[in-house]
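Participant: I'd like to ask you about the structure that follows.
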Amino acid sequence: MREPLLHFLVAGALIFAIYQLLNPAASQTGRTSQIALTKDDLRQLAVHWLAQGRPLPTADQMHALIEQRVSEEILSREAVALGLDKDDEIIKRRLAQKMDFLAADIAALQDPGDAELRAWYTQNSDRFALPPRASFRHLYFSFDRPGARDRAAGILDKISGKPADAPEVATVADPFMFQDYYAERAPDQIAKEFGPGFEKAVFQLKPGAWRGPIQSGYGWHLVFVDTLEPGRVPAFEEVEPDVKSAWLDQKQHEIKRIAFEAMRARYTIVVPPIESVDFGSLRNPQAPIASTGVLPQ
(Lines give C-alpha, C1' and ligand atoms only; values in the text may rest on other atoms or scores of the structure.)
Protein backbone atom coordinates (compact mmCIF):
# COMPACT_ATOMS: atom_id res chain seq x y z
CA MET A 1 0.00 0.00 0.00
CA ARG A 2 3.02 2.33 0.36
CA GLU A 3 4.13 1.72 -3.22
CA PRO A 4 4.12 5.11 -5.15
CA LEU A 5 3.27 3.34 -8.44
CA LEU A 6 0.08 1.95 -6.92
CA HIS A 7 -0.87 5.44 -5.70
CA PHE A 8 -0.30 6.77 -9.24
CA LEU A 9 -2.49 4.08 -10.84
CA VAL A 10 -5.30 4.57 -8.33
CA ALA A 11 -5.22 8.35 -8.79
CA GLY A 12 -5.28 7.93 -12.58
CA ALA A 13 -8.22 5.54 -12.39
CA LEU A 14 -10.15 7.97 -10.15
CA ILE A 15 -9.52 10.87 -12.51
CA PHE A 16 -10.67 8.77 -15.47
CA ALA A 17 -13.81 7.61 -13.64
CA ILE A 18 -14.72 11.14 -12.55
CA TYR A 19 -14.23 12.42 -16.11
CA GLN A 20 -16.50 9.69 -17.49
CA LEU A 21 -19.22 10.50 -14.93
CA LEU A 22 -19.09 14.23 -15.65
CA ASN A 23 -18.81 13.80 -19.44
CA PRO A 24 -20.82 10.72 -20.40
CA ALA A 25 -21.24 11.96 -23.99
CA ALA A 26 -17.51 12.29 -24.53
CA SER A 27 -17.02 8.53 -24.52
CA GLN A 28 -19.81 7.97 -27.06
CA THR A 29 -19.86 10.86 -29.51
CA GLY A 30 -17.46 10.54 -32.40
CA ARG A 31 -15.87 7.35 -31.06
CA THR A 32 -15.87 3.87 -32.53
CA SER A 33 -14.61 0.60 -31.12
CA GLN A 34 -13.30 -0.54 -34.49
CA ILE A 35 -9.72 -0.08 -35.63
CA ALA A 36 -9.44 -1.12 -39.27
CA LEU A 37 -6.17 -1.30 -41.18
CA THR A 38 -6.25 -1.59 -44.95
CA LYS A 39 -3.83 -3.25 -47.35
CA ASP A 40 -2.47 0.21 -48.13
CA ASP A 41 -1.82 0.73 -44.40
CA LEU A 42 0.19 -2.50 -44.27
CA ARG A 43 2.13 -1.52 -47.37
CA GLN A 44 2.88 1.85 -45.77
CA LEU A 45 4.22 0.11 -42.67
CA ALA A 46 6.48 -1.98 -44.90
CA VAL A 47 7.64 1.13 -46.79
CA HIS A 48 8.70 2.81 -43.52
CA TRP A 49 10.51 -0.37 -42.56
CA LEU A 50 12.37 -0.52 -45.90
CA ALA A 51 13.22 3.20 -45.70
CA GLN A 52 15.54 2.35 -42.78
CA GLY A 53 17.70 0.22 -45.08
CA ARG A 54 16.24 -3.09 -43.94
CA PRO A 55 15.13 -6.09 -46.03
CA LEU A 56 11.44 -6.90 -46.45
CA PRO A 57 9.85 -7.55 -43.03
CA THR A 58 9.08 -11.14 -42.08
CA ALA A 59 5.61 -12.22 -40.98
CA ASP A 60 6.59 -11.87 -37.31
CA GLN A 61 8.06 -8.44 -37.92
CA MET A 62 4.88 -7.36 -39.73
CA HIS A 63 2.78 -8.58 -36.78
CA ALA A 64 4.96 -6.47 -34.48
CA LEU A 65 4.58 -3.41 -36.73
CA ILE A 66 0.82 -3.89 -36.85
CA GLU A 67 0.64 -4.23 -33.07
CA GLN A 68 2.67 -1.04 -32.68
CA ARG A 69 0.34 0.80 -35.07
CA VAL A 70 -2.76 -0.48 -33.25
CA SER A 71 -1.31 0.50 -29.87
CA GLU A 72 -0.57 3.98 -31.19
CA GLU A 73 -4.12 4.31 -32.51
CA ILE A 74 -5.67 3.13 -29.24
CA LEU A 75 -3.56 5.48 -27.12
CA SER A 76 -4.20 8.46 -29.39
CA ARG A 77 -7.98 7.86 -29.37
CA GLU A 78 -8.06 7.52 -25.59
CA ALA A 79 -5.94 10.67 -25.23
CA VAL A 80 -8.40 12.62 -27.40
CA ALA A 81 -11.32 11.17 -25.43
CA LEU A 82 -9.70 12.48 -22.24
CA GLY A 83 -9.21 15.88 -23.86
CA LEU A 84 -5.44 15.67 -23.64
CA ASP A 85 -5.17 17.30 -27.06
CA LYS A 86 -6.75 20.49 -25.75
CA ASP A 87 -4.49 23.50 -25.13
CA ASP A 88 -1.38 21.55 -26.14
CA GLU A 89 1.07 23.90 -27.88
CA ILE A 90 2.90 21.10 -29.69
CA ILE A 91 -0.32 19.65 -31.10
CA LYS A 92 -1.54 23.12 -32.13
CA ARG A 93 1.77 23.78 -33.89
CA ARG A 94 1.62 20.43 -35.68
CA LEU A 95 -1.96 20.93 -36.86
CA ALA A 96 -1.12 24.42 -38.14
CA GLN A 97 1.84 22.92 -39.98
CA LYS A 98 -0.40 20.29 -41.59
CA MET A 99 -2.76 23.02 -42.78
CA ASP A 100 0.26 24.75 -44.29
CA PHE A 101 1.29 21.52 -46.03
CA LEU A 102 -2.27 21.11 -47.33
CA ALA A 103 -2.15 24.52 -48.99
CA ALA A 104 1.24 23.66 -50.48
CA ASP A 105 -0.16 20.41 -51.90
CA ILE A 106 -3.06 22.27 -53.48
CA ALA A 107 -0.67 24.76 -55.05
CA ALA A 108 1.48 21.92 -56.39
CA LEU A 109 -1.50 20.70 -58.42
CA GLN A 110 -1.36 23.88 -60.49
CA ASP A 111 0.18 23.37 -63.93
CA PRO A 112 0.61 26.63 -65.86
CA GLY A 113 0.67 26.57 -69.63
CA ASP A 114 3.51 27.96 -71.71
CA ALA A 115 1.63 31.15 -72.61
CA GLU A 116 0.73 31.83 -68.96
CA LEU A 117 4.34 31.30 -67.83
CA ARG A 118 5.70 33.58 -70.57
CA ALA A 119 3.23 36.32 -69.66
CA TRP A 120 4.14 36.01 -65.98
CA TYR A 121 7.85 36.10 -66.85
CA THR A 122 7.37 39.31 -68.84
CA GLN A 123 5.90 40.97 -65.75
CA ASN A 124 8.56 39.58 -63.37
CA SER A 125 11.66 39.35 -65.55
CA ASP A 126 13.66 41.62 -63.21
CA ARG A 127 13.60 38.82 -60.62
CA PHE A 128 15.72 36.69 -62.96
CA ALA A 129 18.17 39.35 -64.09
CA LEU A 130 21.75 38.09 -64.23
CA PRO A 131 24.35 40.32 -62.52
CA PRO A 132 27.46 41.59 -64.31
CA ARG A 133 30.53 39.37 -64.11
CA ALA A 134 34.25 40.02 -64.15
CA SER A 135 37.21 37.74 -64.87
CA PHE A 136 40.46 39.14 -63.50
CA ARG A 137 43.99 38.38 -62.32
CA HIS A 138 45.64 40.25 -59.46
CA LEU A 139 49.01 40.82 -57.82
CA TYR A 140 49.00 41.13 -54.04
CA PHE A 141 51.01 43.42 -51.77
CA SER A 142 50.59 42.66 -48.08
CA PHE A 143 49.90 45.16 -45.30
CA ASP A 144 52.44 43.19 -43.26
CA ARG A 145 55.30 44.58 -45.30
CA PRO A 146 56.03 48.34 -45.06
CA GLY A 147 55.16 50.60 -47.97
CA ALA A 148 52.74 48.13 -49.58
CA ARG A 149 50.99 50.77 -51.69
CA ASP A 150 54.23 52.38 -52.83
CA ARG A 151 55.65 48.99 -53.79
CA ALA A 152 52.51 48.22 -55.79
CA ALA A 153 52.71 51.57 -57.60
CA GLY A 154 56.39 50.97 -58.42
CA ILE A 155 55.69 47.50 -59.80
CA LEU A 156 52.84 48.89 -61.91
CA ASP A 157 55.32 51.18 -63.70
CA LYS A 158 57.47 48.15 -64.52
CA ILE A 159 54.74 45.79 -65.79
CA SER A 160 52.49 48.35 -67.47
CA GLY A 161 51.77 47.15 -71.00
CA LYS A 162 52.81 43.55 -70.28
CA PRO A 163 50.32 40.69 -70.68
CA ALA A 164 48.77 39.18 -67.60
CA ASP A 165 50.61 35.87 -67.98
CA ALA A 166 54.08 37.32 -68.67
CA PRO A 167 56.74 35.25 -66.79
CA GLU A 168 58.31 38.27 -65.09
CA VAL A 169 54.93 39.32 -63.65
CA ALA A 170 54.42 36.21 -61.51
CA THR A 171 57.35 36.88 -59.16
CA VAL A 172 56.98 40.58 -58.37
CA ALA A 173 54.26 40.36 -55.69
CA ASP A 174 53.70 38.76 -52.29
CA PRO A 175 52.16 35.29 -51.97
CA PHE A 176 48.37 35.36 -51.67
CA MET A 177 46.53 32.84 -49.51
CA PHE A 178 43.70 32.31 -51.99
CA GLN A 179 43.53 32.51 -55.80
CA ASP A 180 45.51 34.62 -58.22
CA TYR A 181 42.84 34.37 -60.92
CA TYR A 182 39.07 34.72 -60.56
CA ALA A 183 36.79 33.79 -63.47
CA GLU A 184 33.27 35.12 -64.05
CA ARG A 185 32.70 36.49 -60.58
CA ALA A 186 29.54 38.46 -59.76
CA PRO A 187 29.76 41.67 -57.68
CA ASP A 188 28.54 40.03 -54.48
CA GLN A 189 31.10 37.23 -54.84
CA ILE A 190 33.97 39.68 -55.26
CA ALA A 191 32.72 41.85 -52.40
CA LYS A 192 32.52 38.81 -50.13
CA GLU A 193 36.12 37.87 -50.98
CA PHE A 194 37.81 41.29 -51.09
CA GLY A 195 35.34 43.85 -49.73
CA PRO A 196 32.81 46.21 -51.37
CA GLY A 197 35.35 48.93 -52.20
CA PHE A 198 37.52 46.49 -54.15
CA GLU A 199 34.46 45.13 -55.98
CA LYS A 200 33.31 48.58 -57.11
CA ALA A 201 36.80 49.47 -58.34
CA VAL A 202 37.15 46.25 -60.38
CA PHE A 203 33.93 46.87 -62.30
CA GLN A 204 35.13 50.38 -63.21
CA LEU A 205 38.39 49.17 -64.78
CA LYS A 206 38.94 48.83 -68.51
CA PRO A 207 39.91 45.29 -69.50
CA GLY A 208 43.24 44.39 -71.07
CA ALA A 209 45.86 46.12 -68.88
CA TRP A 210 47.34 46.15 -65.39
CA ARG A 211 45.71 48.82 -63.23
CA GLY A 212 45.76 49.91 -59.61
CA PRO A 213 46.75 49.94 -56.86
CA ILE A 214 43.37 48.93 -55.40
CA GLN A 215 42.94 48.33 -51.69
CA SER A 216 41.15 45.33 -50.19
CA GLY A 217 40.86 43.96 -46.69
CA TYR A 218 44.10 42.05 -47.21
CA GLY A 219 46.35 44.72 -48.68
CA TRP A 220 46.94 46.41 -52.06
CA HIS A 221 46.42 44.83 -55.48
CA LEU A 222 47.29 45.39 -59.10
CA VAL A 223 44.45 44.06 -61.21
CA PHE A 224 44.33 42.85 -64.82
CA VAL A 225 40.70 42.48 -65.97
CA ASP A 226 40.29 39.97 -68.78
CA THR A 227 36.57 40.42 -69.43
CA LEU A 228 33.63 42.37 -68.08
CA GLU A 229 30.17 41.00 -68.87
CA PRO A 230 27.32 43.45 -68.30
CA GLY A 231 24.23 42.34 -66.44
CA ARG A 232 21.32 41.17 -68.55
CA VAL A 233 17.83 39.73 -68.44
CA PRO A 234 17.98 36.16 -69.80
CA ALA A 235 15.62 34.85 -72.45
CA PHE A 236 12.64 32.89 -71.16
CA GLU A 237 14.03 29.62 -72.55
CA GLU A 238 17.22 29.98 -70.49
CA VAL A 239 15.41 30.08 -67.16
CA GLU A 240 12.11 28.32 -67.87
CA PRO A 241 12.46 25.76 -65.01
CA ASP A 242 13.28 28.56 -62.54
CA VAL A 243 10.34 30.60 -63.83
CA LYS A 244 7.95 27.70 -63.23
CA SER A 245 9.30 27.17 -59.70
CA ALA A 246 8.89 30.87 -58.90
CA TRP A 247 5.38 30.86 -60.38
CA LEU A 248 4.41 27.88 -58.20
CA ASP A 249 5.90 29.55 -55.11
CA GLN A 250 3.86 32.69 -55.74
CA LYS A 251 0.72 30.65 -56.38
CA GLN A 252 1.30 28.77 -53.14
CA HIS A 253 1.58 32.01 -51.17
CA GLU A 254 -1.60 33.32 -52.82
CA ILE A 255 -3.56 30.16 -52.00
CA LYS A 256 -2.38 30.24 -48.39
CA ARG A 257 -3.24 33.92 -48.06
CA ILE A 258 -6.72 33.58 -49.55
CA ALA A 259 -7.52 30.45 -47.52
CA PHE A 260 -6.29 32.01 -44.29
CA GLU A 261 -8.22 35.25 -44.86
CA ALA A 262 -11.38 33.20 -45.41
CA MET A 263 -10.77 31.21 -42.22
CA ARG A 264 -9.86 34.28 -40.18
CA ALA A 265 -13.07 36.01 -41.26
CA ARG A 266 -15.02 33.37 -39.31
CA TYR A 267 -13.45 34.43 -36.02
CA THR A 268 -13.67 37.43 -33.74
CA ILE A 269 -10.24 38.23 -32.34
CA VAL A 270 -10.16 39.73 -28.84
CA VAL A 271 -6.78 40.99 -27.61
CA PRO A 272 -6.18 43.38 -24.69
CA PRO A 273 -4.22 46.56 -25.46
CA ILE A 274 -0.50 45.91 -25.33
CA GLU A 275 -0.07 49.01 -23.18
CA SER A 276 -2.24 47.43 -20.49
CA VAL A 277 0.17 44.53 -19.94
CA ASP A 278 3.03 44.95 -17.48
CA PHE A 279 5.94 43.32 -19.32
CA GLY A 280 8.49 44.94 -17.03
CA SER A 281 7.67 42.50 -14.24
CA LEU A 282 8.78 39.64 -16.47
CA ARG A 283 12.39 40.77 -16.37
CA ASN A 284 14.55 38.19 -14.63
CA PRO A 285 18.17 39.31 -14.50
CA GLN A 286 20.49 36.34 -14.67
CA ALA A 287 23.04 35.81 -11.95
CA PRO A 288 26.60 36.13 -13.19
CA ILE A 289 28.17 32.83 -14.19
CA ALA A 290 31.30 32.00 -12.25
CA SER A 291 34.36 31.61 -14.42
CA THR A 292 35.20 27.92 -14.78
CA GLY A 293 37.34 28.06 -17.88
CA VAL A 294 34.60 26.22 -19.78
CA LEU A 295 32.11 27.98 -22.05
CA PRO A 296 28.48 27.43 -20.95
CA GLN A 297 26.24 25.44 -23.27
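Starting from 1 in every chain, residues are counted up; chains themselves are A, B, ... following the order of the C-alpha coordinates, and ligands are numbered from 1 as listed.
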Could the residues of range 73-170 of chain A that have an atom at most 10 Å from range 258-277 of chain A be listed as JSON lines, each with its closest atom pair and the distance in Å to one decimal, counting only C-alpha atoms and ordered by chain and ascending residue number?

Facilitator:
```
{"residue": "A:Met99", "atom": "CA", "partner": "A:Phe260", "partner_atom": "CA", "distance": 9.8}
{"residue": "A:Asp100", "atom": "CA", "partner": "A:Phe260", "partner_atom": "CA", "distance": 9.8}
{"residue": "A:Ala103", "atom": "CA", "partner": "A:Ala259", "partner_atom": "CA", "distance": 8.1}
```

Participant: I'd like the interatomic distance between CA of Val80 in chain A and CA of Leu95 in chain A, to a tenth of an Å.

Facilitator: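 Those two atoms sit 14.1 Å apart.
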
Participant: Can you pull out every residue within 12 Å of Asp126 in chain A, counting only C-alpha atoms, but drop anything in the same chain fewer than 4 positions away, and send it as a VMD selection string?

Facilitator: chain A and resid 120 to 122 130 to 131 231 to 236 243

Participant: Looking at only C-alpha atoms, which of A:Leu75, A:Ile35, A:Ala108, A:Ala51 is the one that sits closest to Gln250 in chain A?

Facilitator: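 Checking each candidate against Gln250 in chain A, we get A:Ala108 as the closest.
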